[in-house]
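Dumped query27.csv below, it's CSV, C-alpha atoms:
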chain,number,residue,atom,x,y,z
A,673,MET,CA,128.6,118.4,132.6
A,674,ARG,CA,129.1,114.7,131.6
A,675,SER,CA,126.2,112.4,132.3
A,676,ALA,CA,126.8,109.1,133.9
A,677,ASP,CA,126.3,106.0,131.8
A,678,VAL,CA,123.8,104.3,134.0
A,679,THR,CA,121.1,102.0,132.7
A,680,GLN,CA,118.0,101.6,134.9
A,681,SER,CA,115.0,99.7,133.5
A,682,GLU,CA,111.6,101.3,133.7
A,683,MET,CA,108.8,99.3,135.2
A,684,PHE,CA,106.1,101.2,133.2
A,685,SER,CA,106.0,102.8,129.8
A,686,TYR,CA,103.7,105.8,129.2
A,687,ARG,CA,103.9,105.9,125.4
A,688,THR,CA,101.9,103.6,123.3
A,689,LEU,CA,103.3,101.8,120.3
A,690,GLU,CA,101.2,104.0,118.0
A,691,GLU,CA,103.0,107.1,119.4
A,692,ARG,CA,106.4,105.6,118.8
A,693,ILE,CA,105.9,105.4,115.0
A,694,PRO,CA,106.6,108.8,113.4
A,695,ALA,CA,103.5,110.3,111.8
A,696,SER,CA,105.4,110.9,108.6
A,697,HIS,CA,106.8,107.3,108.3
A,698,PRO,CA,105.9,105.9,104.8
A,699,LEU,CA,104.9,102.6,106.2
A,700,ARG,CA,101.9,104.3,107.8
A,701,LYS,CA,100.5,105.1,104.3
A,702,LEU,CA,101.5,101.6,103.1
A,703,ARG,CA,99.6,100.0,106.0
A,704,VAL,CA,96.5,101.9,105.1
A,705,LEU,CA,96.6,100.5,101.6
A,706,VAL,CA,97.4,96.9,102.8
A,707,ASP,CA,94.7,97.0,105.4
A,708,GLY,CA,92.2,98.0,102.8
A,709,ILE,CA,93.3,95.2,100.5
A,710,LEU,CA,93.1,92.6,103.3
A,711,ALA,CA,89.6,93.7,104.2
A,712,THR,CA,88.4,92.8,100.8
A,713,LEU,CA,90.0,89.3,101.2
A,714,HIS,CA,87.9,88.4,104.2
A,715,ALA,CA,85.8,85.8,102.4
A,716,ASP,CA,88.9,84.2,100.9
A,717,PHE,CA,90.4,83.9,104.4
A,718,ALA,CA,87.2,82.5,105.9
A,719,ALA,CA,87.1,79.7,103.4
A,720,LEU,CA,90.6,78.5,104.5
A,721,TYR,CA,89.8,78.1,108.2
A,722,ALA,CA,87.4,75.8,110.2
A,723,LYS,CA,84.7,77.5,112.3
A,724,THR,CA,85.6,75.5,115.4
A,725,GLY,CA,88.8,74.6,117.1
A,726,ARG,CA,91.8,76.5,118.5
A,727,PRO,CA,92.3,80.0,117.1
A,728,SER,CA,95.3,80.3,114.8
A,729,ILE,CA,97.4,83.2,113.8
A,730,PRO,CA,95.2,85.8,112.1
A,731,PRO,CA,95.8,85.5,108.3
A,732,GLU,CA,96.0,89.3,108.1
A,733,ARG,CA,99.0,89.3,110.4
A,734,LEU,CA,100.6,86.5,108.5
A,735,LEU,CA,100.3,88.4,105.3
A,736,ARG,CA,101.6,91.7,106.8
A,737,ALA,CA,104.5,89.7,108.3
A,738,SER,CA,105.3,88.1,105.0
A,739,LEU,CA,105.2,91.5,103.4
A,740,ILE,CA,107.7,92.8,105.9
A,741,GLN,CA,109.9,89.8,105.2
A,742,THR,CA,109.8,90.6,101.5
A,743,LEU,CA,110.2,94.4,101.7
A,744,TYR,CA,113.1,94.3,104.1
A,745,SER,CA,114.9,91.2,102.7
A,746,ILE,CA,114.7,89.1,105.8
A,747,ARG,CA,116.0,85.7,104.8
A,748,SER,CA,114.2,83.3,107.1
A,749,GLU,CA,111.1,82.9,109.2
A,750,ARG,CA,113.3,82.5,112.3
A,751,GLN,CA,114.9,85.9,111.7
A,752,LEU,CA,111.6,87.4,110.8
A,753,VAL,CA,110.1,86.4,114.2
A,754,GLN,CA,113.2,87.8,116.0
A,755,HIS,CA,112.9,91.1,114.1
A,756,ILE,CA,109.2,91.4,114.9
A,757,ASP,CA,109.9,90.7,118.5
A,758,TYR,CA,112.3,93.6,119.1
A,759,ASN,CA,111.6,96.0,116.2
A,760,LEU,CA,108.7,98.2,117.2
A,761,LEU,CA,108.1,99.4,113.6
A,762,TYR,CA,107.6,95.8,112.4
A,763,ARG,CA,105.6,94.9,115.5
A,764,TRP,CA,103.2,97.9,114.8
A,765,PHE,CA,102.9,97.1,111.1
A,766,VAL,CA,102.0,93.4,111.7
A,767,GLY,CA,99.3,94.5,114.2
A,768,LEU,CA,100.9,93.3,117.5
A,769,ASP,CA,100.7,95.4,120.7
A,770,MET,CA,103.7,96.3,122.8
A,771,ASP,CA,103.3,93.4,125.2
A,772,ASP,CA,101.8,90.8,122.8
A,773,ASP,CA,103.8,87.6,122.5
A,774,VAL,CA,105.3,86.8,119.0
A,775,TRP,CA,104.5,83.4,117.7
A,776,ASP,CA,107.1,80.7,117.3
A,777,HIS,CA,108.8,80.5,113.9
A,778,SER,CA,107.6,77.0,113.4
A,779,SER,CA,104.0,78.0,114.0
A,780,PHE,CA,104.4,80.9,111.6
A,781,THR,CA,105.9,78.5,108.9
A,782,LYS,CA,103.1,76.0,109.3
A,783,ASN,CA,100.3,78.6,109.2
A,784,ARG,CA,102.0,80.5,106.3
A,785,ASP,CA,102.3,77.3,104.2
A,786,ARG,CA,98.5,76.8,104.5
A,787,LEU,CA,97.7,80.5,103.8
A,788,LEU,CA,100.2,81.5,101.1
A,789,ASN,CA,99.1,79.2,98.3
A,790,GLU,CA,98.8,80.3,94.7
A,791,THR,CA,95.1,81.1,95.1
A,792,VAL,CA,95.5,83.5,98.0
A,793,ALA,CA,98.7,85.0,96.5
A,794,ARG,CA,97.0,85.7,93.2
A,795,ALA,CA,94.0,87.2,94.9
A,796,PHE,CA,96.3,89.5,96.8
A,797,PHE,CA,98.2,90.4,93.6
A,798,GLY,CA,94.8,91.1,91.9
A,799,LYS,CA,93.7,93.4,94.7
A,800,VAL,CA,97.0,95.4,94.5
A,801,LEU,CA,96.6,95.7,90.8
A,802,GLY,CA,93.0,96.8,91.2
A,803,LEU,CA,94.1,99.5,93.5
A,804,ALA,CA,96.7,100.6,90.9
A,805,GLN,CA,93.9,100.7,88.3
A,806,TRP,CA,91.7,102.8,90.6
A,807,HIS,CA,94.5,105.3,90.9
A,808,GLY,CA,94.9,105.4,87.0
A,809,LEU,CA,98.3,103.8,87.0
A,810,VAL,CA,97.4,100.9,84.6
A,811,SER,CA,96.5,101.5,81.0
A,812,SER,CA,95.3,98.9,78.4
A,813,ASP,CA,97.6,99.8,75.5
A,814,HIS,CA,101.3,98.9,75.7
A,815,PHE,CA,102.9,96.0,77.6
A,816,SER,CA,106.1,94.0,77.8
A,817,VAL,CA,106.9,90.4,78.7
A,818,ASP,CA,109.9,88.6,79.9
A,819,GLY,CA,111.1,85.6,82.0
A,820,THR,CA,113.9,85.0,84.4
A,821,LEU,CA,115.4,82.0,86.2
A,822,ILE,CA,114.6,81.4,89.9
A,823,GLU,CA,117.3,79.2,91.4
A,824,ALA,CA,115.8,76.1,93.1
A,825,TRP,CA,116.5,75.2,96.7
A,826,ALA,CA,118.6,72.2,95.6
A,827,SER,CA,122.2,71.6,95.0
A,828,MET,CA,123.8,70.2,91.9
A,829,LYS,CA,124.9,67.2,94.0
A,830,SER,CA,121.3,66.2,94.4
A,831,PHE,CA,120.8,65.9,90.6
A,832,VAL,CA,121.3,62.2,90.1
A,833,PRO,CA,120.3,59.5,87.6
A,834,LYS,CA,116.7,58.4,88.0
A,835,ASP,CA,117.7,54.7,87.7
A,836,GLY,CA,120.2,55.0,90.5
A,837,SER,CA,123.2,54.3,88.4
A,838,GLY,CA,125.2,57.4,89.5
A,839,LYS,CA,128.6,57.3,91.3
A,840,PRO,CA,128.4,57.1,95.1
A,841,PRO,CA,129.5,60.1,97.1
A,842,GLU,CA,133.2,60.1,98.1
A,843,GLY,CA,134.3,60.7,101.6
A,844,GLY,CA,132.1,61.1,104.6
A,845,GLY,CA,130.6,64.0,106.6
A,846,ARG,CA,127.6,66.1,106.0
A,847,ASN,CA,128.9,67.4,102.7
A,848,PRO,CA,130.5,64.5,100.8
A,849,THR,CA,132.2,65.0,97.4
A,850,VAL,CA,130.3,64.0,94.3
A,851,ASP,CA,132.3,63.6,91.1
A,852,PHE,CA,130.1,64.1,88.0
A,853,LYS,CA,132.9,65.2,85.6
A,854,GLY,CA,132.3,63.9,82.1
A,855,GLU,CA,128.8,62.6,83.0
A,856,GLU,CA,126.1,63.7,80.6
A,857,ARG,CA,123.3,65.0,82.8
A,858,LYS,CA,119.8,65.7,81.3
A,859,ASN,CA,116.4,66.3,82.7
A,860,ASP,CA,115.2,63.2,80.8
A,861,THR,CA,117.5,60.9,82.7
A,862,HIS,CA,118.3,62.8,85.9
A,863,ALA,CA,116.2,64.4,88.7
A,864,SER,CA,117.0,66.2,92.0
A,865,THR,CA,116.4,64.2,95.1
A,866,THR,CA,115.8,67.4,97.0
A,867,ASP,CA,113.3,69.1,94.6
A,868,PRO,CA,112.2,66.7,91.9
A,869,GLU,CA,110.3,69.4,90.0
A,870,ALA,CA,113.4,71.6,89.6
A,871,ARG,CA,114.9,71.5,86.1
A,872,LEU,CA,118.5,71.9,84.8
A,873,LEU,CA,118.7,74.8,82.5
A,874,LYS,CA,121.0,77.7,81.5
A,875,LYS,CA,119.7,81.1,80.4
A,876,SER,CA,122.1,81.7,77.6
A,877,ARG,CA,125.1,80.3,75.8
A,878,GLY,CA,128.2,80.4,77.9
A,879,ASP,CA,126.2,80.6,81.2
A,880,LYS,CA,126.4,77.8,83.7
A,881,SER,CA,123.6,75.3,84.1
A,882,ARG,CA,121.6,75.4,87.3
A,883,LEU,CA,118.6,73.8,88.9
A,884,CYS,CA,115.8,76.3,88.6
A,885,TYR,CA,112.3,77.4,87.9
A,886,MET,CA,111.2,80.2,85.6
A,887,GLY,CA,109.3,83.3,86.6
A,888,HIS,CA,107.5,85.4,84.1
A,889,ALA,CA,106.1,88.9,84.3
A,890,LEU,CA,103.8,91.0,82.1
A,891,MET,CA,104.5,94.7,82.6
A,892,GLU,CA,102.5,97.8,81.7
A,893,ASN,CA,104.9,100.1,80.0
A,894,ARG,CA,103.8,103.6,81.2
A,895,HIS,CA,104.3,103.1,84.9
A,896,GLY,CA,106.3,99.8,85.1
A,897,LEU,CA,103.8,97.8,87.1
A,898,ALA,CA,103.4,94.1,86.8
A,899,VAL,CA,99.9,93.3,85.6
A,900,ASP,CA,100.3,89.5,85.5
A,901,VAL,CA,102.8,86.9,86.8
A,902,GLU,CA,103.4,83.2,86.1
A,903,THR,CA,105.8,80.6,87.3
A,904,THR,CA,106.6,77.4,85.3
A,905,LEU,CA,109.0,74.6,85.1
A,906,ALA,CA,112.3,75.6,83.4
A,907,THR,CA,112.1,74.6,79.7
A,908,GLY,CA,113.3,76.1,76.5
A,909,THR,CA,109.7,77.0,75.5
A,910,ALA,CA,108.4,78.1,78.9
A,911,GLU,CA,108.8,81.8,78.2
A,912,ARG,CA,106.6,81.8,75.1
A,913,GLU,CA,104.0,79.5,76.6
A,914,ALA,CA,103.7,81.6,79.8
A,915,ALA,CA,103.5,84.8,77.7
A,916,THR,CA,100.7,83.4,75.6
A,917,ALA,CA,98.8,82.3,78.8
A,918,MET,CA,99.2,85.8,80.4
A,919,VAL,CA,98.2,87.6,77.2
A,920,VAL,CA,95.0,85.5,76.9
A,921,ARG,CA,94.3,86.2,80.6
A,922,SER,CA,95.1,89.9,80.9
A,923,LEU,CA,95.3,91.8,77.6
A,924,LYS,CA,92.6,93.1,75.3
A,925,ARG,CA,92.6,93.4,71.5
A,926,GLY,CA,94.6,96.3,70.2
A,927,ALA,CA,97.4,96.2,72.7
A,928,THR,CA,101.1,96.0,71.8
A,929,LEU,CA,103.6,93.6,73.5
A,930,GLY,CA,107.3,94.2,73.6
A,931,ALA,CA,109.7,91.2,74.1
A,932,ASP,CA,113.2,90.1,73.4
A,933,LYS,CA,114.5,87.9,70.6
A,934,ASN,CA,113.6,84.7,72.4
A,935,TYR,CA,110.0,85.5,71.5
A,936,ASP,CA,110.7,86.0,67.8
A,937,THR,CA,109.2,82.7,66.5
A,938,ALA,CA,106.5,82.1,63.9
A,939,GLY,CA,104.3,80.3,66.4
A,940,PHE,CA,104.4,83.0,69.1
A,941,VAL,CA,103.9,85.9,66.6
A,942,LYS,CA,100.9,84.0,65.1
A,943,ALA,CA,99.4,83.3,68.5
A,944,MET,CA,99.7,87.0,69.4
A,945,ARG,CA,98.0,88.2,66.2
A,946,ALA,CA,95.3,85.6,66.7
A,947,GLN,CA,94.6,87.4,70.1
A,948,GLY,CA,94.5,90.8,68.4
A,949,VAL,CA,97.8,91.8,70.1
A,950,THR,CA,100.6,93.4,68.1
A,951,PRO,CA,103.9,91.6,68.8
A,952,HIS,CA,106.7,94.2,69.1
A,953,VAL,CA,109.5,91.6,69.6
A,954,ALA,CA,113.2,92.2,68.9
A,955,ARG,CA,114.1,90.7,65.5
A,956,LYS,CA,116.4,87.8,64.8
A,957,ALA,CA,118.4,87.4,61.5
A,958,GLN,CA,115.5,85.2,60.2
A,959,SER,CA,112.6,87.1,61.8
A,960,ALA,CA,108.9,86.3,62.0
A,961,ILE,CA,108.3,90.1,62.2
A,962,ASP,CA,108.1,92.0,58.9
A,963,GLY,CA,108.0,95.7,57.8
A,964,ARG,CA,104.2,95.9,58.5
A,965,THR,CA,105.2,96.0,62.2
A,966,THR,CA,108.6,97.6,62.3
A,967,ARG,CA,107.8,100.6,60.2
A,968,HIS,CA,105.7,102.1,62.9
A,969,ALA,CA,107.3,104.5,65.4
A,970,GLY,CA,105.7,102.6,68.3
A,971,TYR,CA,107.8,99.5,67.5
A,972,ALA,CA,111.0,101.3,68.4
A,973,VAL,CA,109.4,102.8,71.5
A,974,SER,CA,108.3,99.3,72.7
A,975,LEU,CA,111.8,97.9,72.2
A,976,GLN,CA,113.2,100.7,74.4
A,977,LEU,CA,110.6,100.5,77.2
A,978,ARG,CA,110.5,96.7,77.4
A,979,LYS,CA,113.9,96.8,79.2
A,980,ARG,CA,112.2,98.3,82.2
A,981,ILE,CA,110.9,94.8,83.0
A,982,GLU,CA,114.4,94.0,84.2
A,983,GLU,CA,113.7,96.5,87.1
A,984,ILE,CA,110.9,94.1,88.3
A,985,PHE,CA,113.2,91.1,88.2
A,986,GLY,CA,116.1,93.0,89.7
A,987,TRP,CA,114.0,94.1,92.7
A,988,ALA,CA,112.4,90.7,93.1
A,989,LYS,CA,115.9,89.0,93.2
A,990,THR,CA,117.8,91.6,95.3
A,991,VAL,CA,115.1,92.6,97.7
A,992,GLY,CA,112.2,90.2,97.3
A,993,GLY,CA,114.1,87.0,97.8
A,994,LEU,CA,113.6,85.4,94.4
A,995,ARG,CA,117.3,85.0,93.4
A,996,LYS,CA,117.2,81.6,95.2
A,997,THR,CA,113.9,80.4,96.4
A,998,CYS,CA,113.6,78.9,99.9
A,999,PHE,CA,110.7,76.7,98.9
A,1000,ILE,CA,110.5,73.3,97.4
A,1001,GLY,CA,108.0,72.5,94.7
A,1002,LEU,CA,106.4,74.4,91.9
A,1003,ALA,CA,103.2,75.3,93.8
A,1004,LYS,CA,105.0,77.0,96.6
A,1005,VAL,CA,107.4,78.8,94.3
A,1006,LYS,CA,104.4,80.1,92.3
A,1007,ALA,CA,102.9,81.5,95.5
A,1008,GLN,CA,106.2,83.1,96.5
A,1009,THR,CA,106.8,84.7,93.0
A,1010,THR,CA,103.2,86.1,92.9
A,1011,PHE,CA,103.4,87.5,96.3
A,1012,ALA,CA,106.9,89.1,95.6
A,1013,LEU,CA,105.6,90.8,92.5
A,1014,ALA,CA,102.6,92.1,94.4
A,1015,ALA,CA,105.0,93.6,96.9
A,1016,TYR,CA,107.0,95.1,94.0
A,1017,ASN,CA,103.8,96.7,92.8
A,1018,LEU,CA,103.2,98.2,96.2
A,1019,THR,CA,106.7,99.7,96.3
A,1020,ARG,CA,106.4,100.9,92.8
A,1021,MET,CA,103.1,102.7,93.6
A,1022,ALA,CA,104.8,104.1,96.7
A,1023,THR,CA,107.5,105.5,94.5
A,1024,ILE,CA,105.0,107.1,92.1
A,1025,PHE,CA,103.2,108.6,95.1
A,1026,GLY,CA,106.5,110.0,96.4
A,1027,TRP,CA,106.7,107.8,99.5
A,1028,ARG,CA,110.3,106.6,100.4
A,1029,LEU,CA,110.0,103.2,101.9
A,1030,ASN,CA,113.7,102.7,102.4
A,1031,THR,CA,113.3,98.9,102.2
A,1032,VAL,CA,117.0,98.3,101.7

Please, can you express the file's structure as structure tokens?
Amino acid sequence: MRSADVTQSEMFSYRTLEERIPASHPLRKLRVLVDGILATLHADFAALYAKTGRPSIPPERLLRASLIQTLYSIRSERQLVQHIDYNLLYRWFVGLDMDDDVWDHSSFTKNRDRLLNETVARAFFGKVLGLAQWHGLVSSDHFSVDGTLIEAWASMKSFVPKDGSGKPPEGGGRNPTVDFKGEERKNDTHASTTDPEARLLKKSRGDKSRLCYMGHALMENRHGLAVDVETTLATGTAEREAATAMVVRSLKRGATLGADKNYDTAGFVKAMRAQGVTPHVARKAQSAIDGRTTRHAGYAVSLQLRKRIEEIFGWAKTVGGLRKTCFIGLAKVKAQTTFALAAYNLTRMATIFGWRLNTV
């Protein structure tokens, strides 16, 4: 017998939000991990807020919401708030009850900008890494390093001469035409009016130039987890400078470090050996690496495993929102990059544990 397509709203619901989330859903396990990490950040959160005044959005909920935004590739705060409002899974993960009002997207943005600074993001990243170390997923022997371009939230039209001598826009409207054909544009003489800290750079010969920042990751080879992260202005030497800083900060003597040919310079190799780290970098025609390093079987293994770091950047750009940042300024891009790689580590750990998050 065919049922009638009649919709009648119920006045009361007899199932709690907790009952509506399947017991086997992988986000249940992930929330246990996240709640444990957030509990250890209580003192860090308390230092950011005044003891009097109107209560704000709980920082734990802001971080859970930001994690949902990163894991499920929600492109804006406005869409995030809409999803949390009608998606019971997201509402449960953030910590809202069935009838709780969702905050306005502007309130979320203002509170998030105060909370998600580099200090808090790095503290969260460190807690996630500490959890991975507690599970035995991080060794101290073999690592890889690499960098990638993060496109800035600024158009090429905004990249104008600092002295104001550029050609005026042609035509009217919200998107006027700017003719910069034949004009030599350099970071020394030009700057973006939208994001002055963005730099014009191209990753390789034949690639197009773009306004960008550079993100850097230090990866543990055995399980593919990011053990350190850095974000810098886009320059030709930023990769090696950031790698040196991360090695000093995170690696112990006796470790090996795989890297591509861009790191094969005498200065970088000397700096690594001064830190007691063996540089397993891919060799150029005139290489700073000699047979003392390449003769060992571990050198070839490092060159093979270092390519796994592209999985980190691939996930961060396709899922984590780092292909083109939505933030202006190096400080905010640093916080976004650090938080995105912390989210990657959580998903990587979930994969190792056999949880299927289905984030995309």

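The shell of residues at most 10 Å from Leu720 (chain A), with all atoms listed in the file counted and near chain neighbours (fewer than 5 positions) removed, consists of Ala715, Pro731, Arg786, Leu787 and Val792 of chain A.
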
With C-alpha atoms retained, export the selected residues as a PDB file, in the coordinates of the input.
ATOM      1  CA  ALA A 715      85.800  85.800 102.400  1.00  0.00           C
ATOM      2  CA  PRO A 731      95.800  85.500 108.300  1.00  0.00           C
ATOM      3  CA  ARG A 786      98.500  76.800 104.500  1.00  0.00           C
ATOM      4  CA  LEU A 787      97.700  80.500 103.800  1.00  0.00           C
ATOM      5  CA  VAL A 792      95.500  83.500  98.000  1.00  0.00           C
TER       6      VAL A 792
END

Neighbours of Phe1011 (chain A) within 8 Å (only C-alpha atoms; same-chain residues fewer than 2 positions away dropped), as a ChimeraX atom specification? /A:793-794,796-797,1007-1009,1013-1015

Go ahead and save the picked residues with C-alpha atoms, as a PDB file, keeping the file's coordinate frame.
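Output file result-v5.pdb is given in full below:
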ATOM      1  CA  ALA A 793      98.700  85.000  96.500  1.00  0.00           C
ATOM      2  CA  ARG A 794      97.000  85.700  93.200  1.00  0.00           C
ATOM      3  CA  PHE A 796      96.300  89.500  96.800  1.00  0.00           C
ATOM      4  CA  PHE A 797      98.200  90.400  93.600  1.00  0.00           C
ATOM      5  CA  ALA A1007     102.900  81.500  95.500  1.00  0.00           C
ATOM      6  CA  GLN A1008     106.200  83.100  96.500  1.00  0.00           C
ATOM      7  CA  THR A1009     106.800  84.700  93.000  1.00  0.00           C
ATOM      8  CA  LEU A1013     105.600  90.800  92.500  1.00  0.00           C
ATOM      9  CA  ALA A1014     102.600  92.100  94.400  1.00  0.00           C
ATOM     10  CA  ALA A1015     105.000  93.600  96.900  1.00  0.00           C
TER      11      ALA A1015
END

Scan for residues within 12 Å of the point (100.2, 91.5, 98.0) in the coordinates of the file, using all atoms listed in the file, and reply as a PyMOL selection string. chain A and resi 702-703+705-710+713+732+734-740+742-743+788+790-803+898+1007-1019

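Comparing the minimum interatomic distances between Leu689 (chain A) and each of A:Thr966, A:Ser811, A:Thr712, A:Asn759, counting all atoms listed in the file, we find that A:Asn759 sits nearest.
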
Non-local contacts of region 920-932 of chain A (7 Å; all atoms listed in the file; under 2 positions in same chain excluded) as a ChimeraX atom specification: /A:812-818,900,916-918,934-935,947-954,974-975,978

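Using all atoms listed in the file, the smallest distance between any of A:Tyr885, A:Trp1027, A:Trp806, A:Phe717 and Asn789 (chain A) comes from A:Phe717.
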
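Nearest residue to Arg894 (chain A) among A:Arg964, A:Arg980, A:Lys875, A:Arg857 is A:Arg980, counting all atoms listed in the file.
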
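Distances from A:Cys884, A:Ala718, A:Ile984, A:Ala957 to Val901 (chain A) were compared using all atoms listed in the file, and the smallest one belongs to A:Ile984.
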
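Shortest separation to Gly887 (chain A) among A:Arg784, A:Lys956, A:Arg912, A:Arg846 occurs at residue A:Arg912, atoms counted being only C-alpha atoms.
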
Could you check how far CA of Glu911 (chain A) sits from CA of Val810 (chain A), in Å to one decimal? 23.1 Å

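Note that the spacing between CA of Thr965 (chain A) and CA of Ala938 (chain A) amounts to 14.1 Å.
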
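The two atoms in question, CA of Glu869 (chain A) and CA of His777 (chain A), are spaced 26.4 Å apart.
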
Restricting the calculation to all atoms listed in the file: of A:Trp987, A:Trp775, A:Phe831, A:Phe852, which residue gets closest to Pro730 (chain A)? A:Trp775

How close does region 796-864 of chain A get to region 992-998 of chain A? List, as JSON lines, each residue of region 796-864 of chain A within 9 Å, its nearest atom pair and the distance in Å to one decimal, counting all atoms listed in the file.
{"residue": "A:Leu821", "atom": "CA", "partner": "A:Arg995", "partner_atom": "CA", "distance": 8.0}
{"residue": "A:Ile822", "atom": "CA", "partner": "A:Arg995", "partner_atom": "CA", "distance": 5.7}
{"residue": "A:Glu823", "atom": "CA", "partner": "A:Lys996", "partner_atom": "CA", "distance": 4.5}
{"residue": "A:Ala824", "atom": "CA", "partner": "A:Thr997", "partner_atom": "CA", "distance": 5.7}
{"residue": "A:Trp825", "atom": "CA", "partner": "A:Cys998", "partner_atom": "CA", "distance": 5.7}
